[in-house]
Amino acid sequence: MELQAFIRTIPDFPKPGILFRDITPLLANPEAFRSVLEAMSGWATEAGAGAVVGIESRGFLFGAPLADRLGVPFVPVRKEGKLPAARLTVEYALEYGEARLDIHRDALPAGARAYIVDDVLATGGTALAAAKLVELLGAEVVGMGFLIELEGLGGRERLADYAVRSLLRLEES
Ligand code: AMP
């Protein structure tokens with residue numbers, strides 16, 4: 001399926017110079033959405049995933065139905081301050097400034113085989129922070145799956161320690 005047709009590119013959102021990749025047309029097309037979930041479930045099954053970790057917020061859109069398909073737990077990694085119970089936090093660098101991601105301390109047992117999912121891989125900083133959280137819990141990152149990989153931002157290089165898969169590779173600009 002030609003998935004690129006379902007990605008809408010919006011220039012200068014949320015700020016000047018950013019080419020925002022809007023996945024809402026894909027979510028609105030049941031065949032396109034299903035084909036993404038099928039690909040991701042193939043990757044995660046191949047990786048022997050025992051849990052799916054979704055990154056807030058668009059990673060939840062793929063991660064939760066993926067976990068349901070695989071019959072494994074879904075674990076949210078959230079932006080700072082949203083998770084209510086005891087949590088671990090990792091700080092990571094953004095283009096300007098820094099951000100934090102949280103995971104619940106009891107989200108994964110030690111040794112769990114976690115598959116990380118998000119919509120877009122750009123610089124890789126967010127996925128790397130999610131991987132650190134999984135590893136701080138003593139669990140293992142068995143792979144990472146993205147709908148879109150933005151080329152030329154060094155994401156894949158930054159995530160060189162992990163098995164990274166993506167369905168669409170797009171130019172950064
Ligand atoms: P990064 O940490 O640089 O890999 O950025 C990845 C995160 O930012 C993901 O959660 C994406 O949803 C979001 N993101 C980064 N760049 C874009 C973009 N051009 N369009 C849409 N989302 C983006």
# chains A, B, ... in the order shown; residues from 1 in each chain; ligands from 1
call {"tool": "residues_near_ligand", "arguments": {"ligand": "ligand 1", "cutoff": "7 Å", "atoms": "only C-alpha atoms and all ligand atoms", "output": "number ranges by chain"}}
result
A: 18-22, 55-56, 58-59, 118-127, 155
call {"tool": "residues_around", "arguments": {"residues": "Ala32 in chain A", "least_positions_apart": "5", "cutoff": "8 Å", "atoms": "only C-alpha atoms", "output": "list in words"}}
result
Met1, Leu3, Phe6, Leu26 and Leu27 of chain A
call {"tool": "write_last_selection", "arguments": {"atoms": "all heavy atoms", "output": "PDB file, in the first residue's frame"}}
result
ATOM      1  N   MET A   1       0.844  -1.203   0.000  1.00  0.00           N
ATOM      2  CA  MET A   1       0.000   0.000   0.000  1.00  0.00           C
ATOM      3  C   MET A   1       0.881   1.257   0.000  1.00  0.00           C
ATOM      4  O   MET A   1       1.894   1.296   0.691  1.00  0.00           O
ATOM      5  CB  MET A   1      -0.868  -0.022   1.256  1.00  0.00           C
ATOM      6  CG  MET A   1      -1.870   1.089   1.273  1.00  0.00           C
ATOM      7  SD  MET A   1      -3.270   0.700   2.356  1.00  0.00           S
ATOM      8  CE  MET A   1      -4.400   1.929   1.820  1.00  0.00           C
ATOM      9  N   LEU A   3       1.617   4.263   1.364  1.00  0.00           N
ATOM     10  CA  LEU A   3       1.251   4.972   2.599  1.00  0.00           C
ATOM     11  C   LEU A   3       1.567   6.461   2.562  1.00  0.00           C
ATOM     12  O   LEU A   3       0.938   7.253   3.259  1.00  0.00           O
ATOM     13  CB  LEU A   3       1.963   4.337   3.791  1.00  0.00           C
ATOM     14  CG  LEU A   3       1.482   2.942   4.150  1.00  0.00           C
ATOM     15  CD1 LEU A   3       2.346   2.367   5.262  1.00  0.00           C
ATOM     16  CD2 LEU A   3       0.023   2.971   4.583  1.00  0.00           C
ATOM     17  N   PHE A   6      -0.980   9.168   2.492  1.00  0.00           N
ATOM     18  CA  PHE A   6      -1.805   9.455   3.675  1.00  0.00           C
ATOM     19  C   PHE A   6      -1.078  10.295   4.719  1.00  0.00           C
ATOM     20  O   PHE A   6      -1.562  10.479   5.825  1.00  0.00           O
ATOM     21  CB  PHE A   6      -2.289   8.140   4.302  1.00  0.00           C
ATOM     22  CG  PHE A   6      -3.143   7.346   3.369  1.00  0.00           C
ATOM     23  CD1 PHE A   6      -2.611   6.292   2.642  1.00  0.00           C
ATOM     24  CD2 PHE A   6      -4.481   7.682   3.183  1.00  0.00           C
ATOM     25  CE1 PHE A   6      -3.395   5.567   1.763  1.00  0.00           C
ATOM     26  CE2 PHE A   6      -5.267   6.972   2.304  1.00  0.00           C
ATOM     27  CZ  PHE A   6      -4.722   5.908   1.584  1.00  0.00           C
ATOM     28  N   LEU A  26      -3.900   9.251   7.605  1.00  0.00           N
ATOM     29  CA  LEU A  26      -3.660   7.802   7.671  1.00  0.00           C
ATOM     30  C   LEU A  26      -4.558   7.157   8.728  1.00  0.00           C
ATOM     31  O   LEU A  26      -5.155   6.099   8.503  1.00  0.00           O
ATOM     32  CB  LEU A  26      -2.181   7.551   7.982  1.00  0.00           C
ATOM     33  CG  LEU A  26      -1.762   6.091   8.017  1.00  0.00           C
ATOM     34  CD1 LEU A  26      -0.386   5.915   7.383  1.00  0.00           C
ATOM     35  CD2 LEU A  26      -1.742   5.531   9.429  1.00  0.00           C
ATOM     36  N   LEU A  27      -4.679   7.818   9.872  1.00  0.00           N
ATOM     37  CA  LEU A  27      -5.539   7.277  10.935  1.00  0.00           C
ATOM     38  C   LEU A  27      -6.990   7.204  10.476  1.00  0.00           C
ATOM     39  O   LEU A  27      -7.755   6.346  10.930  1.00  0.00           O
ATOM     40  CB  LEU A  27      -5.444   8.148  12.194  1.00  0.00           C
ATOM     41  CG  LEU A  27      -4.064   8.239  12.848  1.00  0.00           C
ATOM     42  CD1 LEU A  27      -4.086   9.296  13.950  1.00  0.00           C
ATOM     43  CD2 LEU A  27      -3.636   6.890  13.417  1.00  0.00           C
TER      44      LEU A  27
END
call {"tool": "select_by_dssp", "arguments": {"residues": "range 3-48 of chain A", "states": "helix (DSSP H, G or I)", "output": "number ranges by chain"}}
result
A: 3-6, 24-27, 30-46
call {"tool": "residues_around", "arguments": {"residues": "range 104-117 of chain A", "least_positions_apart": "5", "cutoff": "8 Å", "atoms": "only C-alpha atoms", "output": "count of residues only"}}
result
34
call {"tool": "select_by_dssp", "arguments": {"residues": "range 9-100 of chain A", "states": "strand (DSSP E)", "output": "VMD selection string"}}
result
chain A and resid 9 to 11 19 to 22 51 to 55 74 to 79 87 to 93 98 to 100
call {"tool": "write_last_selection", "arguments": {"atoms": "N, CA and C atoms", "output": "mmCIF file, in the first residue's frame"}}
result
data_model
loop_
_atom_site.group_PDB
_atom_site.id
_atom_site.type_symbol
_atom_site.label_atom_id
_atom_site.label_comp_id
_atom_site.auth_asym_id
_atom_site.auth_seq_id
_atom_site.Cartn_x
_atom_site.Cartn_y
_atom_site.Cartn_z
ATOM 1 N N THR A 9 1.931 16.926 4.805
ATOM 2 C CA THR A 9 3.070 17.712 5.282
ATOM 3 C C THR A 9 2.654 19.165 5.455
ATOM 4 N N ILE A 10 2.839 19.671 6.658
ATOM 5 C CA ILE A 10 2.433 21.045 6.978
ATOM 6 C C ILE A 10 3.693 21.860 7.290
ATOM 7 N N PRO A 11 4.024 22.826 6.423
ATOM 8 C CA PRO A 11 5.221 23.634 6.690
ATOM 9 C C PRO A 11 5.008 24.600 7.855
ATOM 10 N N LEU A 19 8.870 21.057 9.181
ATOM 11 C CA LEU A 19 7.920 20.435 8.249
ATOM 12 C C LEU A 19 7.194 19.357 9.037
ATOM 13 N N PHE A 20 5.996 19.661 9.458
ATOM 14 C CA PHE A 20 5.274 18.727 10.322
ATOM 15 C C PHE A 20 4.631 17.623 9.494
ATOM 16 N N ARG A 21 4.855 16.371 9.902
ATOM 17 C CA ARG A 21 4.267 15.212 9.211
ATOM 18 C C ARG A 21 2.997 14.816 9.953
ATOM 19 N N ASP A 22 1.879 15.145 9.350
ATOM 20 C CA ASP A 22 0.568 14.928 9.961
ATOM 21 C C ASP A 22 0.037 13.558 9.559
ATOM 22 N N ALA A 51 6.134 -7.036 25.448
ATOM 23 C CA ALA A 51 5.391 -5.838 25.858
ATOM 24 C C ALA A 51 5.614 -4.779 24.788
ATOM 25 N N VAL A 52 4.634 -3.881 24.655
ATOM 26 C CA VAL A 52 4.788 -2.753 23.725
ATOM 27 C C VAL A 52 4.838 -1.469 24.540
ATOM 28 N N VAL A 53 5.862 -0.657 24.267
ATOM 29 C CA VAL A 53 6.012 0.635 24.939
ATOM 30 C C VAL A 53 5.701 1.722 23.919
ATOM 31 N N GLY A 54 4.675 2.529 24.193
ATOM 32 C CA GLY A 54 4.288 3.616 23.291
ATOM 33 C C GLY A 54 4.728 4.942 23.872
ATOM 34 N N ILE A 55 5.228 5.815 22.999
ATOM 35 C CA ILE A 55 5.700 7.130 23.436
ATOM 36 C C ILE A 55 4.594 8.155 23.221
ATOM 37 N N PHE A 74 0.524 -3.242 27.228
ATOM 38 C CA PHE A 74 0.885 -1.934 26.677
ATOM 39 C C PHE A 74 1.375 -1.051 27.819
ATOM 40 N N VAL A 75 2.515 -0.392 27.600
ATOM 41 C CA VAL A 75 3.121 0.474 28.614
ATOM 42 C C VAL A 75 3.291 1.876 28.031
ATOM 43 N N PRO A 76 2.669 2.891 28.659
ATOM 44 C CA PRO A 76 2.878 4.254 28.172
ATOM 45 C C PRO A 76 4.125 4.890 28.775
ATOM 46 N N VAL A 77 4.910 5.542 27.903
ATOM 47 C CA VAL A 77 5.963 6.457 28.358
ATOM 48 C C VAL A 77 5.393 7.844 28.143
ATOM 49 N N ARG A 78 5.339 8.644 29.236
ATOM 50 C CA ARG A 78 4.616 9.910 29.141
ATOM 51 C C ARG A 78 5.514 11.102 29.415
ATOM 52 N N LYS A 79 5.054 12.243 28.950
ATOM 53 C CA LYS A 79 5.753 13.479 29.268
ATOM 54 C C LYS A 79 5.680 13.712 30.771
ATOM 55 N N ARG A 87 7.341 6.710 39.785
ATOM 56 C CA ARG A 87 7.865 6.716 38.411
ATOM 57 C C ARG A 87 9.355 6.992 38.363
ATOM 58 N N LEU A 88 9.924 6.672 37.210
ATOM 59 C CA LEU A 88 11.306 7.020 36.890
ATOM 60 C C LEU A 88 11.260 8.084 35.798
ATOM 61 N N THR A 89 12.253 8.972 35.812
ATOM 62 C CA THR A 89 12.288 10.075 34.842
ATOM 63 C C THR A 89 13.648 10.111 34.163
ATOM 64 N N VAL A 90 13.625 10.399 32.864
ATOM 65 C CA VAL A 90 14.869 10.611 32.128
ATOM 66 C C VAL A 90 14.774 11.957 31.418
ATOM 67 N N GLU A 91 15.874 12.699 31.501
ATOM 68 C CA GLU A 91 15.921 14.009 30.852
ATOM 69 C C GLU A 91 16.658 13.853 29.518
ATOM 70 N N TYR A 92 16.201 14.553 28.493
ATOM 71 C CA TYR A 92 16.896 14.465 27.215
ATOM 72 C C TYR A 92 16.874 15.818 26.523
ATOM 73 N N ALA A 93 17.794 15.986 25.589
ATOM 74 C CA ALA A 93 17.949 17.285 24.932
ATOM 75 C C ALA A 93 16.992 17.417 23.759
ATOM 76 N N GLU A 98 15.440 21.276 26.974
ATOM 77 C CA GLU A 98 15.377 19.865 27.299
ATOM 78 C C GLU A 98 13.967 19.465 27.695
ATOM 79 N N ALA A 99 13.753 18.156 27.745
ATOM 80 C CA ALA A 99 12.441 17.631 28.110
ATOM 81 C C ALA A 99 12.653 16.413 28.989
ATOM 82 N N ARG A 100 11.580 15.951 29.604
ATOM 83 C CA ARG A 100 11.668 14.758 30.448
ATOM 84 C C ARG A 100 10.559 13.788 30.086
#
call {"tool": "atom_distance", "arguments": {"atom1": "CA of Leu167 in chain A", "atom2": "CA of Met40 in chain A"}}
result
8.7 Å
call {"tool": "closest_residue", "arguments": {"among": "A:Glu38, A:Asp12, A:Ile7, A:Leu133", "to": "Thr24 in chain A", "atoms": "only C-alpha atoms"}}
result
A:Ile7
call {"tool": "closest_residue", "arguments": {"among": "A:Gly17, A:Leu37, A:Leu128, A:Arg8", "to": "Leu61 in chain A", "atoms": "only C-alpha atoms"}}
result
A:Leu37
call {"tool": "residues_around", "arguments": {"residues": "Ser41 in chain A", "least_positions_apart": "3", "cutoff": "9 Å", "atoms": "only C-alpha atoms", "output": "list in words"}}
result
Val36, Leu37, Glu38, Ala44, Thr45, Glu46, Leu66, Ala67, Arg69 and Leu70 of chain A
call {"tool": "write_last_selection", "arguments": {"atoms": "N, CA, C and O atoms", "output": "PDB file, in the first residue's frame"}}
result
ATOM      1  N   VAL A  36      -0.358  -0.394   8.507  1.00  0.00           N
ATOM      2  CA  VAL A  36       0.729  -0.003   9.410  1.00  0.00           C
ATOM      3  C   VAL A  36       0.786  -0.957  10.606  1.00  0.00           C
ATOM      4  O   VAL A  36       1.857  -1.456  10.990  1.00  0.00           O
ATOM      5  N   LEU A  37      -0.387  -1.248  11.173  1.00  0.00           N
ATOM      6  CA  LEU A  37      -0.422  -2.143  12.339  1.00  0.00           C
ATOM      7  C   LEU A  37       0.052  -3.541  11.968  1.00  0.00           C
ATOM      8  O   LEU A  37       0.730  -4.209  12.756  1.00  0.00           O
ATOM      9  N   GLU A  38      -0.277  -3.974  10.757  1.00  0.00           N
ATOM     10  CA  GLU A  38       0.174  -5.302  10.327  1.00  0.00           C
ATOM     11  C   GLU A  38       1.692  -5.350  10.206  1.00  0.00           C
ATOM     12  O   GLU A  38       2.327  -6.303  10.636  1.00  0.00           O
ATOM     13  N   ALA A  44       7.358  -6.681  15.533  1.00  0.00           N
ATOM     14  CA  ALA A  44       7.388  -6.930  16.982  1.00  0.00           C
ATOM     15  C   ALA A  44       7.353  -8.428  17.274  1.00  0.00           C
ATOM     16  O   ALA A  44       8.012  -8.901  18.206  1.00  0.00           O
ATOM     17  N   THR A  45       6.608  -9.170  16.457  1.00  0.00           N
ATOM     18  CA  THR A  45       6.558 -10.620  16.645  1.00  0.00           C
ATOM     19  C   THR A  45       7.924 -11.234  16.349  1.00  0.00           C
ATOM     20  O   THR A  45       8.436 -12.055  17.108  1.00  0.00           O
ATOM     21  N   GLU A  46       8.525 -10.792  15.249  1.00  0.00           N
ATOM     22  CA  GLU A  46       9.866 -11.248  14.877  1.00  0.00           C
ATOM     23  C   GLU A  46      10.880 -10.978  15.994  1.00  0.00           C
ATOM     24  O   GLU A  46      11.790 -11.773  16.227  1.00  0.00           O
ATOM     25  N   LEU A  66      -1.390  -2.259  18.723  1.00  0.00           N
ATOM     26  CA  LEU A  66      -0.361  -3.275  18.467  1.00  0.00           C
ATOM     27  C   LEU A  66      -0.293  -4.263  19.637  1.00  0.00           C
ATOM     28  O   LEU A  66      -0.249  -5.489  19.428  1.00  0.00           O
ATOM     29  N   ALA A  67      -0.298  -3.740  20.858  1.00  0.00           N
ATOM     30  CA  ALA A  67      -0.267  -4.611  22.039  1.00  0.00           C
ATOM     31  C   ALA A  67      -1.485  -5.526  22.048  1.00  0.00           C
ATOM     32  O   ALA A  67      -1.388  -6.717  22.363  1.00  0.00           O
ATOM     33  N   ARG A  69      -3.158  -6.583  19.441  1.00  0.00           N
ATOM     34  CA  ARG A  69      -2.954  -7.631  18.415  1.00  0.00           C
ATOM     35  C   ARG A  69      -2.024  -8.730  18.882  1.00  0.00           C
ATOM     36  O   ARG A  69      -2.210  -9.903  18.573  1.00  0.00           O
ATOM     37  N   LEU A  70      -0.957  -8.317  19.590  1.00  0.00           N
ATOM     38  CA  LEU A  70       0.043  -9.295  20.020  1.00  0.00           C
ATOM     39  C   LEU A  70      -0.389 -10.034  21.280  1.00  0.00           C
ATOM     40  O   LEU A  70       0.210 -11.045  21.641  1.00  0.00           O
TER      41      LEU A  70
END
call {"tool": "atom_distance", "arguments": {"atom1": "CA of Lys15 in chain A", "atom2": "CA of Ala160 in chain A"}}
result
29.0 Å
call {"tool": "closest_residue", "arguments": {"among": "A:Val72, A:Ala64, A:Ala39, A:Ile103", "to": "Glu135 in chain A", "atoms": "only C-alpha atoms"}}
result
A:Ile103
call {"tool": "atom_distance", "arguments": {"atom1": "CA of Gly152 in chain A", "atom2": "CA of Leu170 in chain A"}}
result
9.2 Å
